[in-house]
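The next block holds one structure in the form of structure tokens; read it before the comments.
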Amino acid sequence: MRFWKYQGIGNDFILLDGTAGDLPIDPEWCRKACDRHFGIGADGVLYVMPGEGTDITMRIINADGSEAEMCGNGIRCVAKHAYDFGIVDSDRFTIHTLAGDLEASVATRDGKARTVTIDMGAPVLDGRSVPVDHDGRFIDQPFEADGVDFRASAVSMGNPHFITFTPMDDATVDRLGPVLERHPFFPRKTNVEFCRVEDGRIYIRVYERGAAWTLACGTGACATTTAAALMGLVPFGEPVDVHLPGGWLRITVDRDLGYVLMEGPAELVFEGDIQE
């Protein structure tokens, strides 16, 4: 089976081209292929599929075999692949995901996509829709887990995120990541962002649902910037530089919360064939 290995600021993926419509999604194959010792190694598998009222479709299977609704770094890799390999014939196109239909635009150099901007749509702030076990918005609210008291916010960008700007030492962060992912407050588990704002920039560590600690999370950057704007920590309507362990993204949150724009790189690392 032909595959392509991509990374978006260190969040790495195996990409499979199923645009012919004959490639079944196989979670167990994905789990084995993502194993970094016995497989190709990745945070997840990206399936590029025929469009559903859109130019293409993206499906994302996490390293543990579970399916995610969305993946911000993954969708930039899918957009680059679709443009570079001629699956789409324009530098602006639409991608169907389980989180909705999103618009991609690519900035090119020498005929290849260098950076990708995704209109990630409107953030979801209603607690039951994120989902969390709370009625209404959960923004900068008190929370307790594993004996630690802190303040946090819940935002969905098609997948759930739990964001805290409360200062914590590294040992506490390391302990809380997996505890929060599976906390009963989150009926479908959650991604967790531990953040700080410094000189107008946001710095994040991410414990990703289904993938554990990762170098980057695009939807996490979008959700975090939304929470930060609602808390008055960064401005609405202006690009905000967001740093994750793997690199930088630029996130713009619409003042009316109608959309969130994510701009960042995607890179083809290598391609090859693997026995099915």
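Convention: chains lettered A, B, ... in structure tokens order; per-chain residue numbering from 1; ligands numbered from 1 as shown.
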**Request:** Please return as a PyMOL selection string: the residues of stretch 196-258 of chain A that backbone DSSP assigns to strand (DSSP E).
**Result:** chain A and resi 196-198+201-208+212-214+240-244+247-253
If you keep N, CA and C atoms, can you produce a file of those selected residues as a PDB file, in the first residue's frame?
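File again12.pdb, as written:
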```
ATOM      1  N   ARG A 196       0.137  29.595  28.636  1.00  0.00           N
ATOM      2  CA  ARG A 196       0.476  30.884  29.224  1.00  0.00           C
ATOM      3  C   ARG A 196       0.538  31.917  28.096  1.00  0.00           C
ATOM      4  N   VAL A 197       0.313  33.186  28.439  1.00  0.00           N
ATOM      5  CA  VAL A 197       0.431  34.289  27.486  1.00  0.00           C
ATOM      6  C   VAL A 197       1.623  35.138  27.892  1.00  0.00           C
ATOM      7  N   GLU A 198       2.479  35.414  26.921  1.00  0.00           N
ATOM      8  CA  GLU A 198       3.689  36.191  27.189  1.00  0.00           C
ATOM      9  C   GLU A 198       3.953  37.104  25.994  1.00  0.00           C
ATOM     10  N   ARG A 201       1.901  36.611  22.886  1.00  0.00           N
ATOM     11  CA  ARG A 201       1.954  35.296  22.269  1.00  0.00           C
ATOM     12  C   ARG A 201       1.460  34.237  23.245  1.00  0.00           C
ATOM     13  N   ILE A 202       0.914  33.164  22.692  1.00  0.00           N
ATOM     14  CA  ILE A 202       0.417  32.079  23.522  1.00  0.00           C
ATOM     15  C   ILE A 202       1.356  30.885  23.401  1.00  0.00           C
ATOM     16  N   TYR A 203       1.682  30.294  24.541  1.00  0.00           N
ATOM     17  CA  TYR A 203       2.535  29.110  24.580  1.00  0.00           C
ATOM     18  C   TYR A 203       1.721  27.966  25.171  1.00  0.00           C
ATOM     19  N   ILE A 204       1.746  26.794  24.494  1.00  0.00           N
ATOM     20  CA  ILE A 204       0.854  25.693  24.840  1.00  0.00           C
ATOM     21  C   ILE A 204       1.610  24.376  24.921  1.00  0.00           C
ATOM     22  N   ARG A 205       1.242  23.560  25.909  1.00  0.00           N
ATOM     23  CA  ARG A 205       1.554  22.134  25.899  1.00  0.00           C
ATOM     24  C   ARG A 205       0.232  21.385  25.760  1.00  0.00           C
ATOM     25  N   VAL A 206       0.220  20.341  24.947  1.00  0.00           N
ATOM     26  CA  VAL A 206      -1.033  19.653  24.614  1.00  0.00           C
ATOM     27  C   VAL A 206      -0.961  18.176  24.971  1.00  0.00           C
ATOM     28  N   TYR A 207      -1.978  17.733  25.731  1.00  0.00           N
ATOM     29  CA  TYR A 207      -2.217  16.303  25.892  1.00  0.00           C
ATOM     30  C   TYR A 207      -3.394  15.979  24.989  1.00  0.00           C
ATOM     31  N   GLU A 208      -3.135  15.239  23.911  1.00  0.00           N
ATOM     32  CA  GLU A 208      -4.124  15.056  22.862  1.00  0.00           C
ATOM     33  C   GLU A 208      -4.924  13.775  23.077  1.00  0.00           C
ATOM     34  N   ALA A 212      -1.975  11.113  23.399  1.00  0.00           N
ATOM     35  CA  ALA A 212      -1.140  11.516  24.532  1.00  0.00           C
ATOM     36  C   ALA A 212      -0.405  12.824  24.230  1.00  0.00           C
ATOM     37  N   TRP A 213       0.781  13.020  24.808  1.00  0.00           N
ATOM     38  CA  TRP A 213       1.512  14.283  24.602  1.00  0.00           C
ATOM     39  C   TRP A 213       1.971  14.380  23.148  1.00  0.00           C
ATOM     40  N   THR A 214       1.642  15.480  22.501  1.00  0.00           N
ATOM     41  CA  THR A 214       2.043  15.670  21.109  1.00  0.00           C
ATOM     42  C   THR A 214       2.776  16.995  20.954  1.00  0.00           C
ATOM     43  N   VAL A 240      -2.718  36.055  16.040  1.00  0.00           N
ATOM     44  CA  VAL A 240      -1.988  35.830  17.290  1.00  0.00           C
ATOM     45  C   VAL A 240      -1.002  34.693  17.052  1.00  0.00           C
ATOM     46  N   ASP A 241       0.255  34.923  17.406  1.00  0.00           N
ATOM     47  CA  ASP A 241       1.267  33.874  17.285  1.00  0.00           C
ATOM     48  C   ASP A 241       1.104  32.885  18.425  1.00  0.00           C
ATOM     49  N   VAL A 242       0.997  31.611  18.052  1.00  0.00           N
ATOM     50  CA  VAL A 242       0.781  30.548  19.040  1.00  0.00           C
ATOM     51  C   VAL A 242       1.910  29.538  18.914  1.00  0.00           C
ATOM     52  N   HIS A 243       2.601  29.298  20.016  1.00  0.00           N
ATOM     53  CA  HIS A 243       3.740  28.378  20.018  1.00  0.00           C
ATOM     54  C   HIS A 243       3.357  27.060  20.665  1.00  0.00           C
ATOM     55  N   LEU A 244       3.641  25.981  19.957  1.00  0.00           N
ATOM     56  CA  LEU A 244       3.536  24.625  20.498  1.00  0.00           C
ATOM     57  C   LEU A 244       4.931  24.017  20.452  1.00  0.00           C
ATOM     58  N   GLY A 247       6.469  24.039  16.978  1.00  0.00           N
ATOM     59  CA  GLY A 247       6.606  25.230  16.141  1.00  0.00           C
ATOM     60  C   GLY A 247       5.456  26.208  16.340  1.00  0.00           C
ATOM     61  N   TRP A 248       5.284  27.120  15.352  1.00  0.00           N
ATOM     62  CA  TRP A 248       4.368  28.241  15.479  1.00  0.00           C
ATOM     63  C   TRP A 248       3.194  28.138  14.514  1.00  0.00           C
ATOM     64  N   LEU A 249       2.033  28.590  14.976  1.00  0.00           N
ATOM     65  CA  LEU A 249       0.860  28.817  14.144  1.00  0.00           C
ATOM     66  C   LEU A 249       0.414  30.261  14.342  1.00  0.00           C
ATOM     67  N   ARG A 250      -0.375  30.761  13.370  1.00  0.00           N
ATOM     68  CA  ARG A 250      -0.991  32.089  13.509  1.00  0.00           C
ATOM     69  C   ARG A 250      -2.505  31.893  13.493  1.00  0.00           C
ATOM     70  N   ILE A 251      -3.150  32.346  14.567  1.00  0.00           N
ATOM     71  CA  ILE A 251      -4.578  32.119  14.760  1.00  0.00           C
ATOM     72  C   ILE A 251      -5.294  33.469  14.858  1.00  0.00           C
ATOM     73  N   THR A 252      -6.377  33.627  14.103  1.00  0.00           N
ATOM     74  CA  THR A 252      -7.206  34.825  14.146  1.00  0.00           C
ATOM     75  C   THR A 252      -8.622  34.429  14.537  1.00  0.00           C
ATOM     76  N   VAL A 253      -9.141  35.044  15.596  1.00  0.00           N
ATOM     77  CA  VAL A 253     -10.491  34.765  16.071  1.00  0.00           C
ATOM     78  C   VAL A 253     -11.394  35.934  15.702  1.00  0.00           C
TER      79      VAL A 253
END
```
**Request:** Could you tell me, as a PyMOL selection string, which residues of stretch 120-264 of chain A DSSP assigns to helix (DSSP H, G or I) when given the backbone?
**Result:** chain A and resi 127-129+170-181+218-230
File dump, residues just selected, N, CA and C atoms, as a short mmCIF file (atom, residue, chain, number, x, y, z; two decimals), in the first residue's frame:
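Listing of part.cif after writing:
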```
data_model
loop_
_atom_site.label_atom_id
_atom_site.label_comp_id
_atom_site.auth_asym_id
_atom_site.auth_seq_id
_atom_site.Cartn_x
_atom_site.Cartn_y
_atom_site.Cartn_z
N GLY A 127 -21.72 24.33 26.59
CA GLY A 127 -21.09 23.22 27.29
C GLY A 127 -21.56 21.85 26.83
N ARG A 128 -22.86 21.65 26.69
CA ARG A 128 -23.37 20.34 26.31
C ARG A 128 -22.97 19.97 24.89
N SER A 129 -22.67 20.97 24.08
CA SER A 129 -22.28 20.73 22.68
C SER A 129 -20.79 20.52 22.52
N ASP A 170 5.87 21.64 35.97
CA ASP A 170 5.88 20.59 34.96
C ASP A 170 5.36 19.27 35.48
N ALA A 171 5.69 18.94 36.73
CA ALA A 171 5.25 17.66 37.30
C ALA A 171 3.74 17.61 37.40
N THR A 172 3.12 18.72 37.78
CA THR A 172 1.66 18.77 37.88
C THR A 172 1.03 18.65 36.51
N VAL A 173 1.59 19.35 35.53
CA VAL A 173 1.08 19.27 34.16
C VAL A 173 1.18 17.83 33.66
N ASP A 174 2.33 17.20 33.87
CA ASP A 174 2.53 15.82 33.41
C ASP A 174 1.49 14.88 34.02
N ARG A 175 1.16 15.12 35.28
CA ARG A 175 0.20 14.25 35.97
C ARG A 175 -1.23 14.51 35.51
N LEU A 176 -1.58 15.79 35.31
CA LEU A 176 -2.96 16.14 35.01
C LEU A 176 -3.40 15.83 33.59
N GLY A 177 -2.47 15.84 32.63
CA GLY A 177 -2.84 15.61 31.24
C GLY A 177 -3.70 14.37 31.05
N PRO A 178 -3.19 13.19 31.38
CA PRO A 178 -3.99 11.97 31.19
C PRO A 178 -5.19 11.88 32.12
N VAL A 179 -5.11 12.49 33.31
CA VAL A 179 -6.25 12.48 34.23
C VAL A 179 -7.42 13.24 33.63
N LEU A 180 -7.14 14.43 33.08
CA LEU A 180 -8.20 15.26 32.51
C LEU A 180 -8.78 14.66 31.24
N GLU A 181 -7.93 14.04 30.42
CA GLU A 181 -8.44 13.45 29.18
C GLU A 181 -9.61 12.52 29.45
N GLY A 218 -3.46 21.68 16.10
CA GLY A 218 -4.01 22.86 15.43
C GLY A 218 -5.35 23.29 16.00
N THR A 219 -6.26 22.32 16.22
CA THR A 219 -7.54 22.69 16.80
C THR A 219 -7.35 23.20 18.22
N GLY A 220 -6.35 22.65 18.93
CA GLY A 220 -6.05 23.13 20.27
C GLY A 220 -5.59 24.58 20.26
N ALA A 221 -4.77 24.95 19.27
CA ALA A 221 -4.33 26.33 19.14
C ALA A 221 -5.51 27.25 18.88
N CYS A 222 -6.45 26.80 18.05
CA CYS A 222 -7.65 27.60 17.75
C CYS A 222 -8.53 27.75 18.98
N ALA A 223 -8.78 26.63 19.68
CA ALA A 223 -9.62 26.68 20.87
C ALA A 223 -8.99 27.54 21.96
N THR A 224 -7.68 27.41 22.14
CA THR A 224 -6.98 28.18 23.16
C THR A 224 -7.03 29.67 22.85
N THR A 225 -6.80 30.05 21.60
CA THR A 225 -6.84 31.46 21.24
C THR A 225 -8.24 32.03 21.41
N THR A 226 -9.26 31.22 21.12
CA THR A 226 -10.64 31.65 21.36
C THR A 226 -10.87 31.93 22.84
N ALA A 227 -10.45 30.99 23.69
CA ALA A 227 -10.61 31.18 25.13
C ALA A 227 -9.84 32.41 25.61
N ALA A 228 -8.62 32.57 25.11
CA ALA A 228 -7.79 33.71 25.52
C ALA A 228 -8.43 35.03 25.11
N ALA A 229 -9.01 35.08 23.91
CA ALA A 229 -9.68 36.30 23.46
C ALA A 229 -10.90 36.60 24.33
N LEU A 230 -11.68 35.57 24.64
CA LEU A 230 -12.85 35.77 25.50
C LEU A 230 -12.46 36.23 26.90
#
```
Please report, as JSON lines, each residue of stretch 169-214 of chain A lying at most 9 Å from stretch 152-160 of chain A, together with the nearest pair of atoms and the separation in Å rounded to one decimal; use only C-alpha atoms, and order rows by chain and ascending residue number.
```
{"residue": "A:Phe186", "atom": "CA", "partner": "A:Pro160", "partner_atom": "CA", "distance": 8.4}
{"residue": "A:Arg188", "atom": "CA", "partner": "A:Pro160", "partner_atom": "CA", "distance": 8.0}
{"residue": "A:Lys189", "atom": "CA", "partner": "A:Pro160", "partner_atom": "CA", "distance": 7.7}
{"residue": "A:Thr190", "atom": "CA", "partner": "A:Pro160", "partner_atom": "CA", "distance": 5.2}
{"residue": "A:Asn191", "atom": "CA", "partner": "A:Pro160", "partner_atom": "CA", "distance": 6.1}
{"residue": "A:Val192", "atom": "CA", "partner": "A:Pro160", "partner_atom": "CA", "distance": 8.7}
{"residue": "A:Arg209", "atom": "CA", "partner": "A:Pro160", "partner_atom": "CA", "distance": 8.9}
```
**Message:** Taking 5 positions as the minimum chain separation for residues in the same chain, which residues sit within 6 Å of A:Thr57 when counting only C-alpha atoms? Answer as number ranges by chain.
**Reply:** A: 48-51, 95-96
Could you dump the residues just selected with C-alpha atoms as a compact mmCIF listing (two decimals), in the first residue's frame?
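Written out: again_6.txt:
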```txt
# COMPACT_ATOMS: atom_id res chain seq x y z
CA VAL A 48 -8.10 11.52 1.76
CA MET A 49 -11.45 10.43 0.37
CA PRO A 50 -13.89 11.58 -2.34
CA GLY A 51 -15.71 14.81 -1.55
CA ILE A 95 -12.77 19.73 2.66
CA HIS A 96 -15.51 17.68 4.27
```
**Message:** So that I can check the surroundings of A:Phe150, please list as number ranges by chain every protein, DNA and RNA residue that reaches within 12 Å of it, counting only C-alpha atoms and ignoring chain neighbours fewer than 2 positions away.
**Reply:** A: 140-148, 152-153, 162-168, 172-173, 176, 194
**Message:** Which residues are close to A:Asp89, i.e. within 12 Å by only C-alpha atoms, leaving aside same-chain residues fewer than 4 positions away? Reply as a PyMOL selection string.
**Reply:** chain A and resi 55-56+79+81-85+93-94+105-106+111
What are the nearest atom pairs, with distances in Å to one decimal, for all residues of stretch 252-276 of chain A that come at most 12 Å from stretch 65-78 of chain A, using only C-alpha atoms, set out by chain and rising residue number as a Markdown table?
```
| residue | atom | partner | partner_atom | distance |
| --- | --- | --- | --- | --- |
| A:Val260 | CA | A:Gly72 | CA | 11.4 |
| A:Leu261 | CA | A:Gly72 | CA | 10.6 |
| A:Met262 | CA | A:Gly72 | CA | 8.0 |
| A:Glu263 | CA | A:Arg76 | CA | 8.7 |
| A:Gly264 | CA | A:Arg76 | CA | 7.7 |
| A:Pro265 | CA | A:Arg76 | CA | 7.3 |
| A:Ala266 | CA | A:Cys77 | CA | 5.2 |
| A:Glu267 | CA | A:Cys77 | CA | 7.0 |
| A:Leu268 | CA | A:Cys77 | CA | 7.9 |
| A:Val269 | CA | A:Cys77 | CA | 10.8 |
```
**Spatial neighbours of stretch 27-44 of chain A, max dist 9 Å, only C-alpha atoms, sep filter under 4 positions, as a PyMOL selection string** = chain A and resi 5+11-15+60-67+74+210-212+214+274+276
